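A.B. asks: Coordinates in my_file.cif, mmCIF, C-alpha atoms, are listed below.
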```cif
data_start
loop_
_atom_site.group_PDB
_atom_site.id
_atom_site.type_symbol
_atom_site.label_atom_id
_atom_site.label_comp_id
_atom_site.auth_asym_id
_atom_site.auth_seq_id
_atom_site.Cartn_x
_atom_site.Cartn_y
_atom_site.Cartn_z
ATOM 1 C CA LEU V 1 32.532 66.378 119.148
ATOM 2 C CA ALA V 2 35.941 67.375 120.516
ATOM 3 C CA LEU V 3 37.554 66.838 117.089
ATOM 4 C CA ALA V 4 34.850 68.888 115.394
ATOM 5 C CA SER V 5 35.370 71.700 117.889
ATOM 6 C CA LEU V 6 39.122 71.614 117.294
ATOM 7 C CA ILE V 7 38.641 71.874 113.540
ATOM 8 C CA VAL V 8 36.297 74.838 114.002
ATOM 9 C CA VAL V 9 38.853 76.591 116.227
ATOM 10 C CA LEU V 10 41.756 75.905 113.845
ATOM 11 C CA SER V 11 39.658 76.985 110.862
ATOM 12 C CA SER V 12 38.849 80.245 112.625
ATOM 13 C CA VAL V 13 42.506 80.884 113.430
ATOM 14 C CA THR V 14 43.684 80.145 109.882
ATOM 15 C CA SER V 15 40.999 82.439 108.470
ATOM 16 C CA ILE V 16 43.044 85.399 109.720
ATOM 17 C CA PRO V 17 44.877 86.795 106.622
ATOM 18 C CA LYS V 18 48.182 87.346 108.422
ATOM 19 C CA VAL V 19 48.170 83.777 109.738
ATOM 20 C CA GLN V 20 47.318 82.430 106.268
ATOM 21 C CA THR V 21 50.279 84.278 104.752
ATOM 22 C CA ILE V 22 52.753 83.156 107.443
ATOM 23 C CA VAL V 23 51.685 79.509 107.166
ATOM 24 C CA ALA V 24 51.822 79.639 103.347
ATOM 25 C CA LYS V 25 55.359 81.048 103.403
ATOM 26 C CA LYS V 26 56.534 78.310 105.770
ATOM 27 C CA ILE V 27 55.002 75.591 103.579
ATOM 28 C CA ALA V 28 56.584 77.075 100.435
ATOM 29 C CA ASN V 29 59.978 77.248 102.166
ATOM 30 C CA GLN V 30 59.714 73.580 103.115
ATOM 31 C CA PHE V 31 58.925 72.636 99.496
ATOM 32 C CA ASN V 32 61.876 74.652 98.223
ATOM 33 C CA LYS V 33 64.241 73.202 100.816
ATOM 34 C CA GLN V 34 63.167 69.638 100.097
ATOM 35 C CA TYR V 35 63.105 69.783 96.304
ATOM 36 C CA GLY V 36 65.414 72.666 95.416
ATOM 37 C CA THR V 37 62.562 74.400 93.596
ATOM 38 C CA GLU V 38 61.106 77.896 93.484
ATOM 39 C CA VAL V 39 57.565 77.626 94.882
ATOM 40 C CA GLN V 40 55.357 80.497 96.017
ATOM 41 C CA ILE V 41 52.060 80.226 97.936
ATOM 42 C CA SER V 42 49.972 83.274 98.833
ATOM 43 C CA THR V 43 47.757 81.806 101.593
ATOM 44 C CA ALA V 44 47.116 78.515 103.404
ATOM 45 C CA GLU V 45 43.960 77.809 105.392
ATOM 46 C CA LEU V 46 42.303 74.866 107.118
ATOM 47 C CA ASN V 47 38.753 74.338 105.849
ATOM 48 C CA PHE V 48 35.864 72.797 107.765
ATOM 49 C CA SER V 49 36.438 69.367 106.172
ATOM 50 C CA GLY V 50 39.832 69.256 107.917
ATOM 51 C CA ASN V 51 41.822 69.696 104.705
ATOM 52 C CA ILE V 52 44.283 72.447 103.811
ATOM 53 C CA ASP V 53 43.688 74.869 100.934
ATOM 54 C CA LEU V 54 46.892 76.221 99.376
ATOM 55 C CA ASN V 55 45.860 79.268 97.351
ATOM 56 C CA ASN V 56 47.758 80.743 94.406
ATOM 57 C CA PHE V 57 50.288 77.905 94.403
ATOM 58 C CA LEU V 58 52.984 78.885 91.909
ATOM 59 C CA VAL V 59 56.008 76.977 90.551
ATOM 60 C CA ILE V 60 58.599 78.998 88.601
ATOM 61 C CA ASP V 61 60.654 77.470 85.788
ATOM 62 C CA HIS V 62 64.371 77.967 85.078
ATOM 63 C CA LYS V 63 63.611 81.076 82.982
ATOM 64 C CA LYS V 64 61.724 82.673 85.893
ATOM 65 C CA ASP V 65 58.373 82.197 84.162
ATOM 66 C CA THR V 66 55.250 80.332 85.300
ATOM 67 C CA LEU V 67 55.510 76.568 84.921
ATOM 68 C CA ILE V 68 52.658 75.405 87.189
ATOM 69 C CA TYR V 69 49.948 77.441 88.860
ATOM 70 C CA PHE V 70 47.006 76.309 90.999
ATOM 71 C CA ASN V 71 44.272 78.715 91.970
ATOM 72 C CA SER V 72 43.612 76.302 94.839
ATOM 73 C CA LEU V 73 45.328 73.057 95.850
ATOM 74 C CA ASN V 74 43.418 71.030 98.436
ATOM 75 C CA LEU V 75 44.848 68.110 100.423
ATOM 76 C CA SER V 76 44.823 66.705 103.928
ATOM 77 C CA PRO V 77 47.451 67.791 106.488
ATOM 78 C CA ARG V 78 48.865 64.261 106.435
ATOM 79 C CA SER V 79 49.099 64.266 102.629
ATOM 80 C CA LEU V 80 50.772 67.674 102.701
ATOM 81 C CA GLN V 81 53.362 66.466 105.205
ATOM 82 C CA LYS V 82 54.020 63.372 103.107
ATOM 83 C CA MET V 83 54.460 65.453 99.961
ATOM 84 C CA ILE V 84 56.902 67.804 101.686
ATOM 85 C CA SER V 85 58.886 64.864 103.085
ATOM 86 C CA ASN V 86 58.987 63.255 99.595
ATOM 87 C CA ASP V 87 56.607 60.420 100.493
ATOM 88 C CA LEU V 88 54.214 60.310 97.546
ATOM 89 C CA ASN V 89 51.948 57.602 98.971
ATOM 90 C CA PHE V 90 48.862 59.495 100.071
ATOM 91 C CA LYS V 91 45.119 59.496 99.743
ATOM 92 C CA SER V 92 43.929 62.282 97.485
ATOM 93 C CA ILE V 93 44.501 65.678 95.895
ATOM 94 C CA LYS V 94 41.916 68.144 94.654
ATOM 95 C CA PHE V 95 42.710 71.290 92.726
ATOM 96 C CA ASP V 96 41.027 74.115 90.874
ATOM 97 C CA GLY V 97 42.368 76.415 88.178
ATOM 98 C CA LEU V 98 45.528 74.582 87.153
ATOM 99 C CA GLN V 99 47.620 76.377 84.534
ATOM 100 C CA LEU V 100 50.396 74.169 83.146
ATOM 101 C CA ASN V 101 52.669 76.050 80.739
ATOM 102 C CA LEU V 102 54.951 73.653 78.870
ATOM 103 C CA VAL V 103 57.644 75.529 76.956
ATOM 104 C CA LYS V 104 60.659 74.467 74.916
ATOM 105 C CA TYR V 105 62.814 77.561 74.825
ATOM 106 C CA ILE V 106 65.089 78.515 71.927
ATOM 107 C CA SER V 107 68.097 76.184 71.497
ATOM 108 C CA GLU V 108 66.913 73.894 74.323
ATOM 109 C CA GLU V 109 66.222 70.202 73.712
ATOM 110 C CA LYS V 110 64.002 69.701 76.762
ATOM 111 C CA THR V 111 60.821 71.391 77.902
ATOM 112 C CA ASN V 112 60.781 73.484 81.058
ATOM 113 C CA LEU V 113 58.857 70.674 82.785
ATOM 114 C CA GLU V 114 61.524 68.099 81.890
ATOM 115 C CA ILE V 115 64.248 70.430 83.189
ATOM 116 C CA PHE V 116 62.218 70.980 86.378
ATOM 117 C CA LEU V 117 61.819 67.222 86.915
ATOM 118 C CA ASP V 118 65.544 66.658 86.278
ATOM 119 C CA LYS V 119 66.318 69.242 88.935
ATOM 120 C CA LEU V 120 63.797 67.697 91.308
ATOM 121 C CA ASN V 121 65.310 64.229 90.866
ATOM 122 C CA LYS V 122 68.813 65.611 91.376
ATOM 123 C CA ASN V 123 68.030 67.529 94.569
ATOM 124 C CA LYS V 124 65.451 65.381 96.306
ATOM 125 C CA LYS V 125 66.089 62.889 99.052
ATOM 126 C CA PRO V 126 65.329 59.197 98.421
ATOM 127 C CA VAL V 127 61.615 58.540 97.951
ATOM 128 C CA LYS V 128 59.879 56.636 100.724
ATOM 129 C CA ILE V 129 58.177 53.765 98.974
ATOM 130 C CA GLY V 130 55.266 51.711 100.196
ATOM 131 C CA GLY V 131 55.647 48.045 99.312
ATOM 132 C CA GLU V 132 56.822 47.677 95.706
ATOM 133 C CA LEU V 133 55.504 51.047 94.547
ATOM 134 C CA ASN V 134 57.393 54.282 94.035
ATOM 135 C CA PHE V 135 54.164 56.023 94.866
ATOM 136 C CA GLU V 136 50.454 55.414 95.141
ATOM 137 C CA ILE V 137 47.720 58.036 95.181
ATOM 138 C CA GLN V 138 44.116 56.994 95.630
ATOM 139 C CA ASN V 139 42.407 59.906 93.891
ATOM 140 C CA VAL V 140 43.189 63.080 91.926
ATOM 141 C CA ILE V 141 40.351 65.451 91.000
ATOM 142 C CA GLY V 142 40.824 68.723 89.126
ATOM 143 C CA PHE V 143 38.554 71.439 87.742
ATOM 144 C CA ASN V 144 38.787 74.418 85.381
ATOM 145 C CA SER V 145 42.316 73.717 84.175
ATOM 146 C CA ASN V 146 44.363 74.757 81.157
ATOM 147 C CA ILE V 147 47.438 73.191 79.563
ATOM 148 C CA SER V 148 49.533 74.768 76.820
ATOM 149 C CA PHE V 149 52.674 73.787 74.928
ATOM 150 C CA LYS V 150 54.904 76.220 73.041
ATOM 151 C CA ASP V 151 57.987 75.204 71.100
ATOM 152 C CA PHE V 152 60.007 78.266 70.134
ATOM 153 C CA ASN V 153 62.141 76.053 67.882
ATOM 154 C CA SER V 154 59.224 74.684 65.844
ATOM 155 C CA PHE V 155 55.937 76.567 66.019
ATOM 156 C CA GLY V 156 53.980 73.807 64.272
ATOM 157 C CA ASN V 157 54.050 71.728 67.470
ATOM 158 C CA ASN V 158 52.127 74.199 69.649
ATOM 159 C CA PHE V 159 48.787 73.256 71.210
ATOM 160 C CA SER V 160 46.479 74.197 74.065
ATOM 161 C CA ILE V 161 43.790 72.463 76.126
ATOM 162 C CA SER V 162 41.212 74.479 78.062
ATOM 163 C CA ASP V 163 38.311 73.923 80.477
ATOM 164 C CA LEU V 164 39.920 70.652 81.525
ATOM 165 C CA ASN V 165 38.266 68.599 84.276
ATOM 166 C CA ILE V 166 39.737 65.285 85.457
ATOM 167 C CA ASP V 167 38.965 62.456 87.855
ATOM 168 C CA PHE V 168 41.708 59.825 88.268
ATOM 169 C CA SER V 169 41.914 57.003 90.816
ATOM 170 C CA ASN V 170 44.220 54.181 91.950
ATOM 171 C CA ILE V 171 47.347 55.876 90.592
ATOM 172 C CA LYS V 172 50.326 53.560 90.983
ATOM 173 C CA SER V 173 53.879 54.028 89.762
ATOM 174 C CA PHE V 174 56.899 51.728 89.936
ATOM 175 C CA GLU V 175 60.082 52.517 88.008
ATOM 176 C CA ASN V 176 58.942 53.068 84.394
ATOM 177 C CA ASN V 177 55.474 51.596 84.922
ATOM 178 C CA LEU V 178 52.380 53.705 85.528
ATOM 179 C CA ASN V 179 48.807 52.499 85.991
ATOM 180 C CA PHE V 180 45.636 54.388 86.885
ATOM 181 C CA ASN V 181 41.925 54.631 86.189
ATOM 182 C CA ILE V 182 40.630 57.566 84.178
ATOM 183 C CA ASN V 183 37.131 57.927 85.597
ATOM 184 C CA ASN V 184 36.421 61.006 83.534
ATOM 185 C CA ILE V 185 38.090 63.678 81.413
ATOM 186 C CA ASN V 186 36.342 66.484 79.594
ATOM 187 C CA CYS V 187 37.933 69.488 77.896
ATOM 188 C CA LYS V 188 38.189 71.810 74.915
ATOM 189 C CA ASN V 189 41.200 72.492 72.696
ATOM 190 C CA ASP V 190 42.492 74.977 70.155
ATOM 191 C CA LEU V 191 41.191 72.857 67.261
ATOM 192 C CA GLY V 192 37.697 73.930 68.261
ATOM 193 C CA PHE V 193 36.129 70.647 69.393
ATOM 194 C CA SER V 194 35.057 69.498 72.838
ATOM 195 C CA LEU V 195 35.660 66.184 74.536
ATOM 196 C CA LYS V 196 32.432 65.516 76.426
ATOM 197 C CA ASP V 197 33.436 62.432 78.411
ATOM 198 C CA PHE V 198 36.372 60.065 78.375
ATOM 199 C CA SER V 199 37.077 57.111 80.650
ATOM 200 C CA SER V 200 39.618 54.300 80.453
ATOM 201 C CA ASN V 201 42.308 52.366 82.294
ATOM 202 C CA LEU V 202 45.775 53.705 81.460
ATOM 203 C CA ILE V 203 48.920 51.577 81.590
ATOM 204 C CA LEU V 204 52.395 52.822 80.690
ATOM 205 C CA LYS V 205 55.141 50.195 80.593
ATOM 206 C CA GLY V 206 58.436 51.645 79.416
ATOM 207 C CA LYS V 207 57.675 52.693 75.849
ATOM 208 C CA GLU V 208 54.402 50.808 75.574
ATOM 209 C CA PHE V 209 51.128 52.594 76.209
ATOM 210 C CA TYR V 210 47.706 51.025 76.794
ATOM 211 C CA LEU V 211 44.241 52.524 77.083
ATOM 212 C CA ASN V 212 41.869 49.710 77.990
ATOM 213 C CA ASP V 213 38.069 49.854 78.175
ATOM 214 C CA ILE V 214 37.868 53.207 76.400
ATOM 215 C CA ASP V 215 34.526 55.007 76.513
ATOM 216 C CA LEU V 216 34.787 58.303 74.631
ATOM 217 C CA SER V 217 32.009 60.759 73.811
ATOM 218 C CA TYR V 218 32.775 63.465 71.277
ATOM 219 C CA GLU V 219 30.062 65.615 69.674
ATOM 220 C CA LYS V 220 27.586 63.050 68.243
ATOM 221 C CA SER V 221 29.992 60.099 68.387
ATOM 222 C CA ASN V 222 30.657 57.496 71.046
ATOM 223 C CA ILE V 223 33.711 55.259 70.732
ATOM 224 C CA LYS V 224 34.486 52.172 72.803
ATOM 225 C CA GLY V 225 37.490 49.881 72.550
ATOM 226 C CA ASP V 226 41.137 49.288 73.463
ATOM 227 C CA LEU V 227 44.213 51.163 72.292
ATOM 228 C CA TYR V 228 47.810 49.953 72.225
ATOM 229 C CA VAL V 229 50.712 52.237 71.250
ATOM 230 C CA ASP V 230 54.388 51.295 70.867
ATOM 231 C CA PHE V 231 56.622 54.362 70.675
ATOM 232 C CA SER V 232 59.964 52.600 71.229
ATOM 233 C CA LYS V 233 61.311 54.071 67.972
ATOM 234 C CA ILE V 234 60.592 57.646 69.030
ATOM 235 C CA ASN V 235 63.535 59.923 69.729
ATOM 236 C CA THR V 236 62.790 60.960 73.327
ATOM 237 C CA GLU V 237 64.770 64.189 72.958
ATOM 238 C CA ASN V 238 62.285 65.380 70.330
ATOM 239 C CA SER V 239 59.225 63.365 71.304
ATOM 240 C CA VAL V 240 56.766 66.242 70.872
ATOM 241 C CA ASN V 241 57.585 66.721 67.176
ATOM 242 C CA ILE V 242 54.601 65.674 65.073
ATOM 243 C CA SER V 243 56.902 64.199 62.395
ATOM 244 C CA ASN V 244 57.640 61.341 64.784
ATOM 245 C CA LEU V 245 54.110 59.984 64.284
ATOM 246 C CA ASP V 246 55.430 57.817 61.423
ATOM 247 C CA SER V 247 57.554 55.905 63.963
ATOM 248 C CA ILE V 248 54.618 54.936 66.192
ATOM 249 C CA TYR V 249 52.975 51.507 66.062
ATOM 250 C CA LEU V 250 49.289 51.793 66.909
ATOM 251 C CA ASP V 251 46.630 49.109 67.368
ATOM 252 C CA PHE V 252 43.090 50.343 68.067
ATOM 253 C CA LYS V 253 40.347 47.757 68.521
ATOM 254 C CA ILE V 254 36.896 49.375 68.265
ATOM 255 C CA ALA V 255 33.691 47.712 69.493
ATOM 256 C CA ASP V 256 30.068 48.785 70.069
ATOM 257 C CA SER V 257 30.742 52.295 68.799
ATOM 258 C CA LYS V 258 28.866 55.030 66.995
ATOM 259 C CA ILE V 259 30.974 57.294 64.769
ATOM 260 C CA ASN V 260 29.336 60.267 63.080
ATOM 261 C CA PRO V 261 31.364 61.214 59.962
ATOM 262 C CA SER V 262 30.648 64.931 60.466
ATOM 263 C CA ASP V 263 32.546 64.787 63.773
ATOM 264 C CA LEU V 264 35.736 64.087 61.819
ATOM 265 C CA SER V 265 35.549 67.387 59.919
ATOM 266 C CA VAL V 266 37.797 69.110 62.435
ATOM 267 C CA PHE V 267 40.574 66.680 61.442
ATOM 268 C CA TYR V 268 39.775 66.585 57.722
ATOM 269 C CA ASP V 269 38.104 69.719 56.385
ATOM 270 C CA LYS V 270 36.742 68.057 53.205
ATOM 271 C CA ILE V 271 34.165 66.170 55.282
ATOM 272 C CA ASP V 272 30.763 67.855 55.305
ATOM 273 C CA LYS V 273 29.928 69.031 58.828
ATOM 274 C CA THR V 274 26.228 68.641 58.150
#
```
Would you mind giving the structure from this file in structure tokens?

C.D. replies:
Amino acid sequence: LALASLIVVLSSVTSIPKVQTIVAKKIANQFNKQYGTEVQISTAELNFSGNIDLNNFLVIDHKKDTLIYFNSLNLSPRSLQKMISNDLNFKSIKFDGLQLNLVKYISEEKTNLEIFLDKLNKNKKPVKIGGELNFEIQNVIGFNSNISFKDFNSFGNNFSISDLNIDFSNIKSFENNLNFNINNINCKNDLGFSLKDFSSNLILKGKEFYLNDIDLSYEKSNIKGDLYVDFSKINTENSVNISNLDSIYLDFKIADSKINPSDLSVFYDKIDKT
């Protein structure tokens, strides 16, 4: 009862606009000091669940344009403190309205995200690891998100994903290895088709990529199986270029699936959609 009363009092205090702005500025300053980044946050408030909502969370890239934007980023006070102190082992993150703008500017070999991560790695303090893991996050849930990629050196590589909703769990990273469960992904893209549901277990080991126990629903099709990709021959400096697809080794084992030929028309226009 005492804890509940405290949360109500703190929620009431942080509902005051001036307080929200002051707290948000302090949090943004701590991020920038820790990581050497340019982060802006309009307001921060404690909700009745005891978590903190960071509203209009904005990360600027090296060209002073938007790299990452969250309409709302929700996490516990403990998780927020861990993130600021560069301890990435925390429970969960929820967000709404993510806009991720990946751009490769003229005459640059890396995307703005790669340059941002290089800067982050250069400026940050040593990561606090738990056990053998660089970081572990129990759950990441996101709604109403959009991702775009623009290459001003080669316009044929551009793409966009919209109305993206994700649910990931048991995210674990150590050195070049990444492992997590994809409980669900659904989205649309600029090719005009929708991904209804997608679940799998993702493993990334160096330049080997696994999607195990795939369950994918697209239009009238449902595909189940396991995917293995070896991209060790890919030039990492130009990894987004579609011409590199010839250098990828791919093994896709399909089982218990239903594939409707008309669903492939978006990839090959000579297939009858009816």

A.B. asks: Taking the file as shown, what set of residues would the PyMOL selection byres ((chain V and resi 116) around 10) give back, as a list of chain:residue names?

C.D. replies: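 Applied to this file, the PyMOL selection byres ((chain V and resi 116) around 10) selects V:Gly36, V:Thr37, V:Glu38, V:Val59, V:Ile60, V:Asp61, V:His62, V:Leu67, V:Lys110, V:Thr111, V:Asn112, V:Leu113, V:Glu114, V:Ile115, V:Leu117, V:Asp118, V:Lys119, V:Leu120, V:Asn121, V:Lys122.
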
A.B. asks: Enumerate, as a list of chain:residue names, the residues matched when the PyMOL selection byres ((chain V and resi 159) around 9) is run on the file above.

C.D. replies: V:Ile147, V:Ser148, V:Phe149, V:Lys150, V:Gly156, V:Asn157, V:Asn158, V:Ser160, V:Ile161, V:Asn189, V:Asp190, V:Leu191

A.B. asks: Considering only C-alpha atoms, return as a PyMOL selection string whatever protein or nucleic-acid residues lie within 9 Å of Ile223 (chain V), sequence-local ones (same chain, fewer than 3 positions apart) excluded.

C.D. replies: chain V and resi 214-218+254-259

A.B. asks: Okay, now the selection with C-alpha atoms, as a tab-separated table (two decimals), keeping the file's coordinate frame?

C.D. replies:
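Final output, saved to selection.tsv:
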```tsv
chain	number	residue	atom	x	y	z
V	214	ILE	CA	37.87	53.21	76.40
V	215	ASP	CA	34.53	55.01	76.51
V	216	LEU	CA	34.79	58.30	74.63
V	217	SER	CA	32.01	60.76	73.81
V	218	TYR	CA	32.78	63.46	71.28
V	254	ILE	CA	36.90	49.38	68.26
V	255	ALA	CA	33.69	47.71	69.49
V	256	ASP	CA	30.07	48.78	70.07
V	257	SER	CA	30.74	52.30	68.80
V	258	LYS	CA	28.87	55.03	67.00
V	259	ILE	CA	30.97	57.29	64.77
```

A.B. asks: Restricting the calculation to only C-alpha atoms: of V:Ile68, V:Val23, V:Ile84, V:Ile141, which residue gets closest to Asp96 (chain V)?

C.D. replies: V:Ile141

A.B. asks: Please compute the CA of Asn222 (chain V)-CA of Ser169 (chain V) distance, one decimal, in Å.

C.D. replies: 22.8 Å

A.B. asks: List the neighbours of Ile166 (chain V) out to 9 Å using only C-alpha atoms; skip same-chain residues closer than 2 positions along the sequence, and give me the result as a JSON list (two decimals) with C-alpha atoms, in the coordinates of the input.

C.D. replies:
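Saved file around20.json follows:
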```
[["chain", "number", "residue", "atom", "x", "y", "z"],
["V", 140, "VAL", "CA", 43.19, 63.08, 91.93],
["V", 141, "ILE", "CA", 40.35, 65.45, 91.00],
["V", 142, "GLY", "CA", 40.82, 68.72, 89.13],
["V", 143, "PHE", "CA", 38.55, 71.44, 87.74],
["V", 145, "SER", "CA", 42.32, 73.72, 84.18],
["V", 164, "LEU", "CA", 39.92, 70.65, 81.53],
["V", 168, "PHE", "CA", 41.71, 59.82, 88.27],
["V", 182, "ILE", "CA", 40.63, 57.57, 84.18],
["V", 183, "ASN", "CA", 37.13, 57.93, 85.60],
["V", 184, "ASN", "CA", 36.42, 61.01, 83.53],
["V", 185, "ILE", "CA", 38.09, 63.68, 81.41],
["V", 186, "ASN", "CA", 36.34, 66.48, 79.59],
["V", 187, "CYS", "CA", 37.93, 69.49, 77.90]]
```

A.B. asks: Enter the distance from CA of Lys82 (chain V) to CA of Gln99 (chain V), in Å, rounded to one decimal.

C.D. replies: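 Computed distance, CA of Lys82 (chain V) to CA of Gln99 (chain V), equals 23.6 Å.
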
A.B. asks: Since I can't run it myself right now, could you work out what the PyMOL selection byres ((chain V and resi 226-233) around 8) selects here and report it as a list of chain:residue names?

C.D. replies: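 So the PyMOL selection byres ((chain V and resi 226-233) around 8) ends up selecting V:Lys207, V:Glu208, V:Phe209, V:Tyr210, V:Leu211, V:Asn212, V:Asp213, V:Ile214, V:Lys224, V:Gly225, V:Ile234, V:Asn235, V:Ser247, V:Ile248, V:Tyr249, V:Leu250, V:Asp251, V:Phe252, V:Lys253, V:Ile254.
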
A.B. asks: Between V:Leu73, V:Glu175, V:Ser49, V:Asn89, which is the closest to Ala24 (chain V) once you count only C-alpha atoms?

C.D. replies: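 For Ala24 (chain V), the nearest of the given residues is V:Leu73.
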
A.B. asks: Could you state the separation of CA of Asn51 (chain V) and CA of Asn139 (chain V) in Å, given to one decimal place?

C.D. replies: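 Spanning CA of Asn51 (chain V) to CA of Asn139 (chain V) is a straight-line distance of 14.6 Å.
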
A.B. asks: Which of these residues is nearest to Ser92 (chain V), using only C-alpha atoms: V:Asp263, V:Glu136, V:Asp65, V:Glu108?

C.D. replies: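 So, comparing all the options, the nearest one is V:Glu136.
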
A.B. asks: I'd like the neighbourhood of Lys33 (chain V) as a PyMOL selection string, where a residue qualifies if any of its atoms comes within 12 Å (using all atoms listed in the file), though same-chain residues fewer than 2 positions away should be ignored.

C.D. replies: chain V and resi 26-31+35-39+84-86+120+123-125

A.B. asks: Within 10 Å of (50.7, 53.2, 82.8) in the file's own coordinates, which protein, DNA or RNA residues have an atom, counting only C-alpha atoms? List them as a PDB file with C-alpha atoms, in the frame of the given file.

C.D. replies:
```pdb
ATOM      1  CA  ILE V 171      47.347  55.876  90.592  1.00  0.00           C
ATOM      2  CA  LYS V 172      50.326  53.560  90.983  1.00  0.00           C
ATOM      3  CA  SER V 173      53.879  54.028  89.762  1.00  0.00           C
ATOM      4  CA  PHE V 174      56.899  51.728  89.936  1.00  0.00           C
ATOM      5  CA  ASN V 176      58.942  53.068  84.394  1.00  0.00           C
ATOM      6  CA  ASN V 177      55.474  51.596  84.922  1.00  0.00           C
ATOM      7  CA  LEU V 178      52.380  53.705  85.528  1.00  0.00           C
ATOM      8  CA  ASN V 179      48.807  52.499  85.991  1.00  0.00           C
ATOM      9  CA  PHE V 180      45.636  54.388  86.885  1.00  0.00           C
ATOM     10  CA  ASN V 181      41.925  54.631  86.189  1.00  0.00           C
ATOM     11  CA  ASN V 201      42.308  52.366  82.294  1.00  0.00           C
ATOM     12  CA  LEU V 202      45.775  53.705  81.460  1.00  0.00           C
ATOM     13  CA  ILE V 203      48.920  51.577  81.590  1.00  0.00           C
ATOM     14  CA  LEU V 204      52.395  52.822  80.690  1.00  0.00           C
ATOM     15  CA  LYS V 205      55.141  50.195  80.593  1.00  0.00           C
ATOM     16  CA  GLY V 206      58.436  51.645  79.416  1.00  0.00           C
ATOM     17  CA  LYS V 207      57.675  52.693  75.849  1.00  0.00           C
ATOM     18  CA  GLU V 208      54.402  50.808  75.574  1.00  0.00           C
ATOM     19  CA  PHE V 209      51.128  52.594  76.209  1.00  0.00           C
ATOM     20  CA  TYR V 210      47.706  51.025  76.794  1.00  0.00           C
ATOM     21  CA  LEU V 211      44.241  52.524  77.083  1.00  0.00           C
TER      22      LEU V 211
END
```

A.B. asks: Compare V:Asn260, V:Gln34, V:Gln20, V:Asn55 by their minimum atom-to-atom distance to Leu98 (chain V), counting all atoms listed in the file, and give me the closest one.

C.D. replies: V:Asn55

A.B. asks: Would you mind telling me which residue in V:Phe70, V:Phe95, V:Gln81, V:Val103 lies nearest to Asn165 (chain V) when using all atoms listed in the file?

C.D. replies: V:Phe95

A.B. asks: I need the residue nearest Ile137 (chain V) from this list: V:Ser200, V:Ser76, V:Asn170, V:Asn153. Use all atoms listed in the file for the distance.

C.D. replies: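 Counting all atoms listed in the file, the residue closest to Ile137 (chain V) is V:Asn170.
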